[in-house]
Amino acid sequence: MTPHQLLRITCVAEAATGVVAIAMPGLVVHVLLGMQISGDAALLARAFGIALLSLAVAAWPTVEASPRCGGFIGMLLYNGAIAMYLGYVGAQGIAAGMLLWPAVLLHAAVAALQIYQWAGSR
């Protein structure tokens with residue numbers, strides 16, 4: 001898989017997650033963290049959705065993406081950081097939705113693949 005293809009796939013996945021978080025914040029929080037939300041928490045979940053959608057649009061590869069481009073590095077930072085944060089949340093028993101650990105593994109795998117591509121481009 002090329003860096004361009006990987007970046008495009010991650011952008012589509014994050015944009016889709018962002019749209020669902022905007023439209024149905026309670027669903028996203030429930031399946032990811034196993035929590036019920038309302039009020040202020042729903043506002044924050046929607047803001048997270050807007051941020052994810054914005055990240056996906058900003059990182060979208062318009063030309064052949066390189067592991068050195070800003071969008072690739074931004075998505076690498078996001079995938080690595082969210083994998084670590086969600087892993088921490090799960091390991092500490094703070095939250096545990098049915099998609100928490102699959103999300104941790106998926107983001108960690110994508111980050112590892114991106115690091116591999118980044119290291120190979122040196």
# chains A, B, ... in the order shown; residues from 1 in each chain; ligands from 1
call {"tool": "closest_atom_pairs", "arguments": {"of": "range 14-55 of chain A", "to": "range 84-90 of chain A", "cutoff": "12 Å", "atoms": "only C-alpha atoms", "output": "JSON lines"}}
result
{"residue": "A:Leu32", "atom": "CA", "partner": "A:Leu86", "partner_atom": "CA", "distance": 9.1}
{"residue": "A:Leu33", "atom": "CA", "partner": "A:Gly90", "partner_atom": "CA", "distance": 8.4}
{"residue": "A:Gly34", "atom": "CA", "partner": "A:Gly90", "partner_atom": "CA", "distance": 10.5}
call {"tool": "residues_around", "arguments": {"residues": "range 35-43 of chain A", "least_positions_apart": "4", "cutoff": "8 Å", "atoms": "only C-alpha atoms", "output": "PyMOL selection string"}}
result
chain A and resi 25-26+29-31+47+95+97
call {"tool": "write_last_selection", "arguments": {"atoms": "N, CA and C atoms", "output": "PDB file, in the first residue's frame"}}
result
ATOM      1  N   PRO A  25     -23.952  11.712  18.295  1.00  0.00           N
ATOM      2  CA  PRO A  25     -22.843  11.657  19.250  1.00  0.00           C
ATOM      3  C   PRO A  25     -23.021  10.580  20.321  1.00  0.00           C
ATOM      4  N   GLY A  26     -24.240  10.336  20.746  1.00  0.00           N
ATOM      5  CA  GLY A  26     -24.484   9.320  21.768  1.00  0.00           C
ATOM      6  C   GLY A  26     -24.106   7.930  21.291  1.00  0.00           C
ATOM      7  N   VAL A  29     -20.165   7.600  21.262  1.00  0.00           N
ATOM      8  CA  VAL A  29     -19.644   7.484  22.630  1.00  0.00           C
ATOM      9  C   VAL A  29     -20.015   6.132  23.232  1.00  0.00           C
ATOM     10  N   HIS A  30     -21.217   5.665  22.947  1.00  0.00           N
ATOM     11  CA  HIS A  30     -21.652   4.378  23.509  1.00  0.00           C
ATOM     12  C   HIS A  30     -20.823   3.212  22.967  1.00  0.00           C
ATOM     13  N   VAL A  31     -20.652   3.139  21.646  1.00  0.00           N
ATOM     14  CA  VAL A  31     -19.922   1.989  21.090  1.00  0.00           C
ATOM     15  C   VAL A  31     -18.426   2.078  21.343  1.00  0.00           C
ATOM     16  N   ALA A  47     -18.302  18.367  18.849  1.00  0.00           N
ATOM     17  CA  ALA A  47     -17.098  19.146  18.557  1.00  0.00           C
ATOM     18  C   ALA A  47     -15.957  18.213  18.132  1.00  0.00           C
ATOM     19  N   ALA A  95     -13.351   3.513  30.811  1.00  0.00           N
ATOM     20  CA  ALA A  95     -14.448   3.273  29.876  1.00  0.00           C
ATOM     21  C   ALA A  95     -14.140   2.022  29.069  1.00  0.00           C
ATOM     22  N   GLY A  97     -16.286   0.492  25.729  1.00  0.00           N
ATOM     23  CA  GLY A  97     -17.345   0.170  24.788  1.00  0.00           C
ATOM     24  C   GLY A  97     -16.921  -1.004  23.936  1.00  0.00           C
TER      25      GLY A  97
END
call {"tool": "closest_residue", "arguments": {"among": "A:Asn79, A:Leu113, A:Met98, A:Glu14", "to": "Leu27 in chain A", "atoms": "only C-alpha atoms"}}
result
A:Met98
call {"tool": "closest_residue", "arguments": {"among": "A:Thr62, A:Leu100, A:Arg68, A:Val110", "to": "Ala13 in chain A", "atoms": "only C-alpha atoms"}}
result
A:Val110
call {"tool": "select_by_dssp", "arguments": {"residues": "range 29-105 of chain A", "states": "helix (DSSP H, G or I)", "output": "PyMOL selection string"}}
result
chain A and resi 29-33+40-59+70-91+100-105
call {"tool": "write_last_selection", "arguments": {"atoms": "N, CA and C atoms", "output": "compact mmCIF listing (two decimals), in the first residue's frame"}}
result
# COMPACT_ATOMS: atom_id res chain seq x y z
N VAL A 29 -20.17 7.60 21.26
CA VAL A 29 -19.64 7.48 22.63
C VAL A 29 -20.02 6.13 23.23
N HIS A 30 -21.22 5.66 22.95
CA HIS A 30 -21.65 4.38 23.51
C HIS A 30 -20.82 3.21 22.97
N VAL A 31 -20.65 3.14 21.65
CA VAL A 31 -19.92 1.99 21.09
C VAL A 31 -18.43 2.08 21.34
N LEU A 32 -17.91 3.30 21.49
CA LEU A 32 -16.48 3.44 21.73
C LEU A 32 -16.13 3.36 23.21
N LEU A 33 -16.89 4.04 24.05
CA LEU A 33 -16.55 4.12 25.47
C LEU A 33 -17.51 3.40 26.39
N ASP A 40 -24.09 18.59 27.89
CA ASP A 40 -22.77 19.12 27.57
C ASP A 40 -21.87 18.08 26.92
N ALA A 41 -21.98 16.84 27.34
CA ALA A 41 -21.13 15.79 26.76
C ALA A 41 -21.46 15.58 25.29
N ALA A 42 -22.71 15.69 24.92
CA ALA A 42 -23.09 15.57 23.51
C ALA A 42 -22.51 16.73 22.70
N LEU A 43 -22.49 17.91 23.29
CA LEU A 43 -21.88 19.06 22.62
C LEU A 43 -20.39 18.81 22.36
N LEU A 44 -19.72 18.26 23.36
CA LEU A 44 -18.29 17.97 23.22
C LEU A 44 -18.05 16.86 22.19
N ALA A 45 -18.89 15.85 22.19
CA ALA A 45 -18.75 14.76 21.21
C ALA A 45 -18.96 15.28 19.79
N ARG A 46 -19.89 16.20 19.62
CA ARG A 46 -20.10 16.81 18.29
C ARG A 46 -18.88 17.64 17.89
N ALA A 47 -18.30 18.37 18.85
CA ALA A 47 -17.10 19.15 18.56
C ALA A 47 -15.96 18.21 18.13
N PHE A 48 -15.85 17.05 18.78
CA PHE A 48 -14.86 16.05 18.39
C PHE A 48 -15.12 15.58 16.95
N GLY A 49 -16.40 15.39 16.62
CA GLY A 49 -16.76 14.99 15.26
C GLY A 49 -16.36 16.04 14.24
N ILE A 50 -16.58 17.31 14.57
CA ILE A 50 -16.19 18.39 13.68
C ILE A 50 -14.67 18.40 13.50
N ALA A 51 -13.94 18.18 14.59
CA ALA A 51 -12.48 18.15 14.51
C ALA A 51 -11.99 16.98 13.65
N LEU A 52 -12.62 15.81 13.80
CA LEU A 52 -12.23 14.66 12.96
C LEU A 52 -12.50 14.93 11.49
N LEU A 53 -13.67 15.47 11.20
CA LEU A 53 -14.01 15.79 9.82
C LEU A 53 -13.03 16.81 9.25
N SER A 54 -12.69 17.81 10.04
CA SER A 54 -11.74 18.84 9.60
C SER A 54 -10.35 18.25 9.36
N LEU A 55 -9.91 17.37 10.25
CA LEU A 55 -8.62 16.71 10.07
C LEU A 55 -8.60 15.92 8.76
N ALA A 56 -9.66 15.19 8.50
CA ALA A 56 -9.73 14.39 7.28
C ALA A 56 -9.68 15.26 6.03
N VAL A 57 -10.38 16.36 6.05
CA VAL A 57 -10.38 17.27 4.89
C VAL A 57 -8.99 17.90 4.74
N ALA A 58 -8.40 18.34 5.83
CA ALA A 58 -7.08 18.98 5.77
C ALA A 58 -5.99 18.02 5.31
N ALA A 59 -6.12 16.75 5.67
CA ALA A 59 -5.08 15.76 5.33
C ALA A 59 -5.33 15.09 3.98
N GLY A 70 2.55 17.30 5.26
CA GLY A 70 1.89 17.68 6.50
C GLY A 70 0.68 16.83 6.81
N GLY A 71 -0.12 16.51 5.81
CA GLY A 71 -1.31 15.70 6.04
C GLY A 71 -0.97 14.32 6.55
N PHE A 72 0.05 13.71 5.98
CA PHE A 72 0.49 12.38 6.41
C PHE A 72 0.99 12.42 7.85
N ILE A 73 1.80 13.42 8.16
CA ILE A 73 2.36 13.53 9.51
C ILE A 73 1.26 13.85 10.52
N GLY A 74 0.32 14.71 10.14
CA GLY A 74 -0.81 15.03 11.03
C GLY A 74 -1.65 13.80 11.33
N MET A 75 -1.91 12.99 10.31
CA MET A 75 -2.70 11.78 10.52
C MET A 75 -1.91 10.76 11.33
N LEU A 76 -0.60 10.70 11.14
CA LEU A 76 0.25 9.82 11.95
C LEU A 76 0.19 10.24 13.42
N LEU A 77 0.30 11.53 13.68
CA LEU A 77 0.21 12.03 15.05
C LEU A 77 -1.14 11.67 15.66
N TYR A 78 -2.21 11.88 14.91
CA TYR A 78 -3.54 11.56 15.42
C TYR A 78 -3.66 10.07 15.73
N ASN A 79 -3.28 9.20 14.79
CA ASN A 79 -3.44 7.76 14.99
C ASN A 79 -2.61 7.26 16.17
N GLY A 80 -1.38 7.72 16.30
CA GLY A 80 -0.55 7.30 17.42
C GLY A 80 -1.10 7.80 18.75
N ALA A 81 -1.48 9.07 18.79
CA ALA A 81 -1.97 9.66 20.04
C ALA A 81 -3.31 9.07 20.47
N ILE A 82 -4.22 8.87 19.52
CA ILE A 82 -5.55 8.34 19.90
C ILE A 82 -5.43 6.88 20.30
N ALA A 83 -4.51 6.13 19.70
CA ALA A 83 -4.30 4.73 20.11
C ALA A 83 -3.80 4.69 21.55
N MET A 84 -2.86 5.54 21.88
CA MET A 84 -2.32 5.56 23.24
C MET A 84 -3.37 6.04 24.24
N TYR A 85 -4.11 7.08 23.89
CA TYR A 85 -5.11 7.61 24.82
C TYR A 85 -6.24 6.61 25.06
N LEU A 86 -6.77 6.04 24.00
CA LEU A 86 -7.86 5.06 24.17
C LEU A 86 -7.35 3.82 24.90
N GLY A 87 -6.11 3.42 24.62
CA GLY A 87 -5.53 2.29 25.35
C GLY A 87 -5.42 2.58 26.84
N TYR A 88 -5.02 3.80 27.17
CA TYR A 88 -4.95 4.22 28.56
C TYR A 88 -6.33 4.19 29.21
N VAL A 89 -7.32 4.75 28.51
CA VAL A 89 -8.69 4.77 29.02
C VAL A 89 -9.19 3.36 29.30
N GLY A 90 -8.92 2.45 28.38
CA GLY A 90 -9.35 1.07 28.56
C GLY A 90 -8.58 0.35 29.66
N ALA A 91 -7.27 0.55 29.70
CA ALA A 91 -6.43 -0.13 30.69
C ALA A 91 -6.73 0.34 32.11
N LEU A 100 -13.96 -0.17 21.72
CA LEU A 100 -12.78 0.48 22.28
C LEU A 100 -11.49 -0.24 21.87
N TRP A 101 -11.37 -1.51 22.19
CA TRP A 101 -10.12 -2.22 21.88
C TRP A 101 -9.90 -2.42 20.40
N PRO A 102 -10.95 -2.70 19.60
CA PRO A 102 -10.71 -2.71 18.15
C PRO A 102 -10.21 -1.36 17.63
N ALA A 103 -10.72 -0.26 18.19
CA ALA A 103 -10.25 1.07 17.78
C ALA A 103 -8.80 1.28 18.17
N VAL A 104 -8.42 0.84 19.37
CA VAL A 104 -7.03 0.95 19.81
C VAL A 104 -6.13 0.18 18.84
N LEU A 105 -6.49 -1.05 18.55
CA LEU A 105 -5.66 -1.88 17.67
C LEU A 105 -5.59 -1.31 16.26
call {"tool": "closest_residue", "arguments": {"among": "A:Ala21, A:Ala119, A:Ala16, A:Val63", "to": "His4 in chain A", "atoms": "only C-alpha atoms"}}
result
A:Val63
call {"tool": "residues_around", "arguments": {"residues": "Trp60 in chain A", "least_positions_apart": "5", "cutoff": "8 Å", "atoms": "only C-alpha atoms", "output": "CSV table (one decimal) with all heavy atoms, in the first residue's frame"}}
result
chain,number,residue,atom,x,y,z
A,7,LEU,N,-3.1,7.2,3.3
A,7,LEU,CA,-3.6,8.5,3.8
A,7,LEU,C,-5.1,8.7,3.3
A,7,LEU,O,-5.9,9.1,4.1
A,7,LEU,CB,-2.8,9.6,3.3
A,7,LEU,CG,-3.1,11.0,3.7
A,7,LEU,CD1,-3.2,11.1,5.3
A,7,LEU,CD2,-2.1,12.1,3.2
A,8,ARG,N,-5.4,8.3,2.1
A,8,ARG,CA,-6.8,8.4,1.6
A,8,ARG,C,-7.7,7.6,2.4
A,8,ARG,O,-8.8,8.0,2.8
A,8,ARG,CB,-6.8,8.1,0.1
A,8,ARG,CG,-8.2,8.3,-0.5
A,8,ARG,CD,-8.1,8.2,-2.0
A,8,ARG,NE,-7.5,9.4,-2.4
A,8,ARG,CZ,-7.5,9.9,-3.6
A,8,ARG,NH1,-8.3,9.3,-4.5
A,8,ARG,NH2,-6.9,11.0,-4.0
A,11,CYS,N,-8.2,9.1,5.9
A,11,CYS,CA,-9.1,10.3,5.7
A,11,CYS,C,-10.6,9.9,5.6
A,11,CYS,O,-11.4,10.5,6.2
A,11,CYS,CB,-8.6,11.1,4.6
A,11,CYS,SG,-7.1,12.0,4.9
A,71,GLY,N,-0.1,16.5,5.8
A,71,GLY,CA,-1.3,15.7,6.0
A,71,GLY,C,-1.0,14.3,6.5
A,71,GLY,O,-1.6,13.8,7.5
call {"tool": "atom_distance", "arguments": {"atom1": "CA of Tyr116 in chain A", "atom2": "CA of Pro3 in chain A"}}
result
10.0 Å
call {"tool": "atom_distance", "arguments": {"atom1": "CA of Gln5 in chain A", "atom2": "CA of Val20 in chain A"}}
result
22.8 Å
call {"tool": "atom_distance", "arguments": {"atom1": "CA of Thr2 in chain A", "atom2": "CA of Val19 in chain A"}}
result
25.9 Å
